Structures are given as structure tokens and as C-alpha cells.
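Reviewing the structure listed below.
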Amino acid sequence: MSKNVFVFIEQRDNKIQKVGIELLGIARQLADKLGQDVVGMLVGENVKGETGVLFKHGADKVIVVEDPMLKEYVTEPYAKAIYEVIKANDPEIVLYGATSIGRDLAPRLAARIHTGLTADCTKLEIDEETNNLLMTRPAFGGNLMATIVCEDFRPQMATVRPGVMQSVNVDKTDGEVIEQQVAFTDADMNVTIREIAKHDNKKKDITEAKILVSGGRGLGGPEGFDELQKLADVLGAEVSSSRAAVDSGWIEKDRQVGQTGKTVRPELYFAFGISGAIQHLAGMEDSDLIIAVNKVEDAPIYDVADLGVVGDLNAVVPKLTELIKKE
Ligand code: FAD
């Protein structure tokens, strides 16, 4: 019989990624409703030492698959490792982050296991009557939320948007670690990694930032982001943006907040020259404190802002940077 809620835990350079911790949080809620366990699946080379953090954030057990072939993420060996874990354990639910890795891995596994997959979920809950997983995701350009149920196949699988689920902290630092052996052959490695080009390490992922200074089309050009960067530097913040700024080529795509960008939940979100389109709000409206600066008084961003300045950002940004510098 299928049982337990499994979470694919992403790691890079053996560092557990935040999305895995968030997924353990929602997995904990689902498993408690079902009276089942949360099981983390950790795949890599020499990753066993990282399991403590998973117990602290809600895992009951962790299944570890280690092999030199799993050092870096490569689709085939990772898909084989997770497939073997799923086949051996028959989970009720399997969750993945809707990251580039999760989006690559989960559909392959769904096809291999012959089950369904709901992509990019923003809400997961258990149906009180049937105990099925209700998987909700935006559809039709975010104009409606679709709830999808996988009635006849197991496991029920979903990718979940990073930044949406809340992590939990439990008073526990260890638990059962199961090492699963998977036999790899050279045929499992169908690519050769020649070089790994690392991102600018000084920049944090915007989903991890406590303060975001976000800019939109109102910045007027890429130089507007230079001013925002100065403000971000004095605040210890990261710079993010609306899609309009990304589409204009003013800033990199990985800085985009919103429905087709990233979902963020910082302690403080500044919106400079961003109108507040629904697709943008979908990615930031759960921020703890939102401060908007827009020259138009009835811009929709003010519907979600806690504080607002109606005015020209070209005057506000340098002034704010100056004042904070003096503090
Ligand atoms: P605008 O809407 O043009 O707003 C610019 C604002 O700047 C205006 O409110 C203006 O009053 C203000 N302004 C101008 N000059 C100044 C100044 N000097 N001082 C102060 N204020 C000033 N958008 C996203 O952001 N993220 C997404 O993930 C996303 N996904 C999408 C997915 C789909 C399927 C679709 C259809 C759209 C998506 N969009 C997304 C686009 C979205 O609909 C908006 O077009 C976009 O968010 C607008 O960006 P903006 O607010 O920067 O620009």
C-alpha cells in the first residue's frame, strides 16, 4: 500500500537548498493529516553529513543515495536514483521544487512510473473525504486557480513553487537515515561536464533575500538599476525587478518577481516604478512589509503596499540612499 510523503531535497555543492526545507514544511502538514511520515530523498556524493538539517525542518526519515556519478545534477543518474527510491518505497505523495532541476526531473519520473504530475503548485492540501492530494496551481495566465486531483495513480506528484510554502522548525536534530544502494553503470552518464560556470557569488538568489529593492519600467532604463543597486548596498538588500524591466533587457531574468518569475516573501519589499499588475503581485504580495514608490496615485501596487510615496523615483531613490547612509 502506498504510504508516506516523500520530498526530493535539492542540494548544490552539498548545501541543502531552501526550497527543500520549504517542501518539508508542507510535507509535514500533509503527512500529519494522513497519519504518515515525511521522508526526505537526498541524492549526491558525500551528502550523508547534511541530513541533520532535514530532521530539524520536519523529516521523520531520510533516504540517501550516494555515488560519484551524482556529484553534480545530471538528469539520467538523478532520475535513476529517485526512480529506484520510489520503486522500493511506494510513496503516497512525492514533492519536488518547481526549480530548473525539479522541472527537469519530475516529468521524467512521472513518465517512468506511469503516474501524473501537477506542475508549479502554489497550494497543497488533503481532501478530508477521500484523502487525495488537492494540488492547486495558477492557470490561464494567472486568471484562475485550478485544483487538480490524481485519483487513480500513485504516487501523487507535484512540483511546488519556491518561496510559497512555509518551513517548520522542530525540536529534533537526528532520525533514521537509510542508505539505498543504486547500481550505476557508465551508460547512465550520457553527458560529460566540461566546465561549471558559476554565477556571480556576491549576488544572492532573490528568494533568499530579507530585503528586496525592486524596479520596474518606471526606472526608464538600465541606469535606473545602478541607482537601485546603490540603495540595495546600503540596505544589505538584493535588487529584483518586474517582467517589463527584464523584457527590456535592463536586468537578468533570474531577478524577475512574479508569476513567470520567482515568488518572494522578504521582510521588506520596495517597489520602485512598478504598476502592480496581477502577475507581479502574485510573486510578492506575501512580503512582510511592502513600500511602493510610484508617480501615479492610483497605481494598483498601492492596493498591497503598507506604505507608499507618490512621487518621482528619480528624486526618492538617491534621497533614501543618502538618508540610510547617514543612519
Ligand atoms: P508598467 O506597468 O509599465 O508600470 C510602470 C510604472 O512606473 C507605472 O505605474 C508608472 O506610473 C510608474 N512610473 C513611471 N515613471 C515613474 C517615475 N519617474 N517615478 C515613479 N513611478 C514611475 N510581470 C511581472 O512583473 N512578473 C511576472 O512574472 C509576469 N508574468 C506575466 C505572465 C503573463 C502570462 C502575462 C500576460 C504578463 C506577465 N507579467 C509579469 C507582465 C505584467 O502584466 C505587467 O506587464 C508588468 O508587471 C508591468 O511591469 P511594470 O510594472 O514594471 O511596468
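Residues are named by chain letter and number: chains run A, B, ... in the order of the C-alpha cells, numbers start at 1 in each chain, and ligands are numbered from 1 in the order shown.
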Expected answer as a ChimeraX atom specification: strand (DSSP E) residues in region 58-270 of chain A
/A:61-66,93-97,118-121,123-126,133-139,144-149,156-160,176-179,211-215,238-241,268-270
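Residues lying within 7 Å of Leu95 (chain A), counting only C-alpha atoms and ignoring same-chain neighbours fewer than 2 positions away, are Phe6, Val7, Phe8, Ile93, Gly97, Met157, Ala158 and Thr159 of chain A.
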Residues from the last selection, all heavy atoms, saved as a PDB file, in the first residue's frame:
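Written file, result19.pdb:
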```pdb
ATOM      1  N   PHE A   6       6.994  11.896   0.397  1.00  0.00           N
ATOM      2  CA  PHE A   6       8.415  11.973   0.051  1.00  0.00           C
ATOM      3  C   PHE A   6       8.733  13.347  -0.546  1.00  0.00           C
ATOM      4  O   PHE A   6       7.934  13.901  -1.301  1.00  0.00           O
ATOM      5  CB  PHE A   6       8.785  10.888  -0.970  1.00  0.00           C
ATOM      6  CG  PHE A   6       9.036   9.534  -0.352  1.00  0.00           C
ATOM      7  CD1 PHE A   6       8.123   8.975   0.530  1.00  0.00           C
ATOM      8  CD2 PHE A   6      10.189   8.829  -0.651  1.00  0.00           C
ATOM      9  CE1 PHE A   6       8.352   7.730   1.113  1.00  0.00           C
ATOM     10  CE2 PHE A   6      10.437   7.589  -0.086  1.00  0.00           C
ATOM     11  CZ  PHE A   6       9.517   7.026   0.799  1.00  0.00           C
ATOM     12  N   VAL A   7       9.923  13.840  -0.198  1.00  0.00           N
ATOM     13  CA  VAL A   7      10.351  15.147  -0.715  1.00  0.00           C
ATOM     14  C   VAL A   7      11.731  14.981  -1.363  1.00  0.00           C
ATOM     15  O   VAL A   7      12.655  14.460  -0.724  1.00  0.00           O
ATOM     16  CB  VAL A   7      10.454  16.184   0.435  1.00  0.00           C
ATOM     17  CG1 VAL A   7      11.027  17.496  -0.081  1.00  0.00           C
ATOM     18  CG2 VAL A   7       9.090  16.414   1.074  1.00  0.00           C
ATOM     19  N   PHE A   8      11.854  15.415  -2.604  1.00  0.00           N
ATOM     20  CA  PHE A   8      13.172  15.437  -3.246  1.00  0.00           C
ATOM     21  C   PHE A   8      13.903  16.674  -2.729  1.00  0.00           C
ATOM     22  O   PHE A   8      13.452  17.805  -2.922  1.00  0.00           O
ATOM     23  CB  PHE A   8      13.042  15.489  -4.772  1.00  0.00           C
ATOM     24  CG  PHE A   8      14.354  15.743  -5.454  1.00  0.00           C
ATOM     25  CD1 PHE A   8      15.376  14.821  -5.386  1.00  0.00           C
ATOM     26  CD2 PHE A   8      14.579  16.928  -6.139  1.00  0.00           C
ATOM     27  CE1 PHE A   8      16.607  15.064  -5.985  1.00  0.00           C
ATOM     28  CE2 PHE A   8      15.794  17.187  -6.750  1.00  0.00           C
ATOM     29  CZ  PHE A   8      16.812  16.239  -6.671  1.00  0.00           C
ATOM     30  N   ILE A  93       2.758  10.294  -1.794  1.00  0.00           N
ATOM     31  CA  ILE A  93       2.939  11.625  -2.402  1.00  0.00           C
ATOM     32  C   ILE A  93       4.442  11.862  -2.603  1.00  0.00           C
ATOM     33  O   ILE A  93       5.239  11.482  -1.733  1.00  0.00           O
ATOM     34  CB  ILE A  93       2.380  12.726  -1.455  1.00  0.00           C
ATOM     35  CG1 ILE A  93       0.853  12.589  -1.301  1.00  0.00           C
ATOM     36  CG2 ILE A  93       2.761  14.131  -1.924  1.00  0.00           C
ATOM     37  CD1 ILE A  93       0.244  13.470  -0.220  1.00  0.00           C
ATOM     38  N   GLY A  97      10.727  20.695  -5.943  1.00  0.00           N
ATOM     39  CA  GLY A  97      10.662  22.135  -6.160  1.00  0.00           C
ATOM     40  C   GLY A  97      10.414  22.411  -7.638  1.00  0.00           C
ATOM     41  O   GLY A  97      10.911  21.678  -8.495  1.00  0.00           O
ATOM     42  N   MET A 157       2.068  13.258  -7.570  1.00  0.00           N
ATOM     43  CA  MET A 157       3.312  14.034  -7.638  1.00  0.00           C
ATOM     44  C   MET A 157       3.048  15.488  -8.025  1.00  0.00           C
ATOM     45  O   MET A 157       2.182  15.774  -8.856  1.00  0.00           O
ATOM     46  CB  MET A 157       4.258  13.415  -8.672  1.00  0.00           C
ATOM     47  CG  MET A 157       4.611  11.963  -8.372  1.00  0.00           C
ATOM     48  SD  MET A 157       6.317  11.551  -8.765  1.00  0.00           S
ATOM     49  CE  MET A 157       6.410  11.951 -10.474  1.00  0.00           C
ATOM     50  N   ALA A 158       3.824  16.378  -7.424  1.00  0.00           N
ATOM     51  CA  ALA A 158       3.684  17.807  -7.727  1.00  0.00           C
ATOM     52  C   ALA A 158       5.044  18.482  -7.681  1.00  0.00           C
ATOM     53  O   ALA A 158       5.903  18.104  -6.883  1.00  0.00           O
ATOM     54  CB  ALA A 158       2.768  18.471  -6.695  1.00  0.00           C
ATOM     55  N   THR A 159       5.235  19.472  -8.557  1.00  0.00           N
ATOM     56  CA  THR A 159       6.331  20.421  -8.331  1.00  0.00           C
ATOM     57  C   THR A 159       5.700  21.639  -7.671  1.00  0.00           C
ATOM     58  O   THR A 159       4.555  21.994  -7.969  1.00  0.00           O
ATOM     59  CB  THR A 159       7.067  20.827  -9.627  1.00  0.00           C
ATOM     60  OG1 THR A 159       6.157  21.515 -10.502  1.00  0.00           O
ATOM     61  CG2 THR A 159       7.651  19.630 -10.355  1.00  0.00           C
TER      62      THR A 159
END
```
Can you pull out every residue with an atom within 6 Å of ligand 1? Use only C-alpha atoms and all ligand atoms and format it as number ranges by chain.
A: 141, 216-218, 242-245, 257-261, 273-277, 279-280, 293-296, 299, 311-314
Write out, as a PDB file, in the first residue's frame, the residues just selected, with C-alpha atoms.
```
ATOM      1  CA  GLY A 141      -2.220  33.397 -17.278  1.00  0.00           C
ATOM      2  CA  GLY A 216      10.053  48.313 -12.980  1.00  0.00           C
ATOM      3  CA  ARG A 217       9.571  50.103 -16.275  1.00  0.00           C
ATOM      4  CA  GLY A 218       9.311  53.374 -14.344  1.00  0.00           C
ATOM      5  CA  SER A 242       9.237  43.365 -12.787  1.00  0.00           C
ATOM      6  CA  ARG A 243       8.998  41.465 -16.053  1.00  0.00           C
ATOM      7  CA  ALA A 244       8.809  44.682 -18.059  1.00  0.00           C
ATOM      8  CA  ALA A 245      12.361  45.534 -16.944  1.00  0.00           C
ATOM      9  CA  VAL A 257       9.484  38.580  -9.443  1.00  0.00           C
ATOM     10  CA  GLY A 258       6.043  37.293 -10.361  1.00  0.00           C
ATOM     11  CA  GLN A 259       4.010  34.604 -11.963  1.00  0.00           C
ATOM     12  CA  THR A 260       6.591  33.766 -14.614  1.00  0.00           C
ATOM     13  CA  GLY A 261       9.462  34.830 -12.380  1.00  0.00           C
ATOM     14  CA  GLY A 273       8.191  52.343 -10.702  1.00  0.00           C
ATOM     15  CA  ILE A 274       6.197  49.114 -10.718  1.00  0.00           C
ATOM     16  CA  SER A 275       2.500  49.483 -11.541  1.00  0.00           C
ATOM     17  CA  GLY A 276       1.350  46.373  -9.647  1.00  0.00           C
ATOM     18  CA  ALA A 277      -0.009  44.105 -12.401  1.00  0.00           C
ATOM     19  CA  GLN A 279       1.158  38.795 -12.432  1.00  0.00           C
ATOM     20  CA  HIS A 280       3.686  40.828 -10.460  1.00  0.00           C
ATOM     21  CA  VAL A 293       7.063  54.493  -4.885  1.00  0.00           C
ATOM     22  CA  ASN A 294       5.058  55.486  -7.950  1.00  0.00           C
ATOM     23  CA  LYS A 295       4.291  58.808  -9.568  1.00  0.00           C
ATOM     24  CA  VAL A 296       0.649  57.822 -10.134  1.00  0.00           C
ATOM     25  CA  ALA A 299      -1.384  52.634  -9.232  1.00  0.00           C
ATOM     26  CA  GLY A 311       6.397  60.889  -6.384  1.00  0.00           C
ATOM     27  CA  ASP A 312       9.253  60.659  -8.838  1.00  0.00           C
ATOM     28  CA  LEU A 313      11.543  57.739  -8.022  1.00  0.00           C
ATOM     29  CA  ASN A 314      14.473  59.666  -9.515  1.00  0.00           C
TER      30      ASN A 314
END
```
Would you mind telling me which residue in A:Lys262, A:Lys319, A:Lys202, A:Lys3 lies nearest to Asp120 (chain A) when using only C-alpha atoms?
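Counting only C-alpha atoms, the residue closest to Asp120 (chain A) is A:Lys262.
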Would you mind listing what lies within 12 Å of region 16-20 of chain A as an NGL selection string, with only C-alpha atoms counted and same-chain residues fewer than 4 positions away left out?
:A and (6-12 or 24-27 or 39-44 or 47-55 or 57-59 or 95-102 or 159-168 or 205-209 or 262-264)
Quick one: everything within 8 Å of Cys150 (chain A), counting only C-alpha atoms, minus sequence neighbours fewer than 5 positions away in the same chain. Send it as an MDAnalysis selection string.
chainID A and resid 116 132:133 156
If we count only C-alpha atoms, what is near Val317 (chain A) at a cut-off of 8 Å, once residues fewer than 6 positions away on the same chain are taken out, given as number ranges by chain?
A: 227-228, 231
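Those residues that approach Lys210 (chain A) to within 9 Å, counting only C-alpha atoms, are Ile206, Thr207, Glu208, Leu212, Gly236, Ala237, Glu238, Arg265, Pro266, Glu267, Leu268 and Tyr269 of chain A; same-chain residues fewer than 2 positions away are not listed.
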Can you list, as a PyMOL selection string, every protein, DNA or RNA residue that comes within 10 Å of region 322-324 of chain A when you count only C-alpha atoms, leaving out same-chain residues fewer than 6 positions away?
chain A and resi 230-231+234-235+316
Written selection (N, CA and C atoms) as a compact mmCIF listing (two decimals), in the first residue's frame:
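Output (result-v9.txt):
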```txt
# COMPACT_ATOMS: atom_id res chain seq x y z
N LYS A 230 22.75 51.00 -5.58
CA LYS A 230 23.37 51.81 -4.51
C LYS A 230 22.52 51.73 -3.25
N LEU A 231 21.19 51.84 -3.44
CA LEU A 231 20.28 51.74 -2.29
C LEU A 231 20.36 50.34 -1.68
N VAL A 234 23.44 49.91 0.57
CA VAL A 234 23.40 50.48 1.93
C VAL A 234 22.42 49.72 2.83
N LEU A 235 21.45 49.05 2.21
CA LEU A 235 20.47 48.29 3.00
C LEU A 235 20.87 46.83 3.22
N VAL A 316 13.35 60.20 -5.19
CA VAL A 316 13.22 59.44 -3.93
C VAL A 316 14.41 58.51 -3.71
```
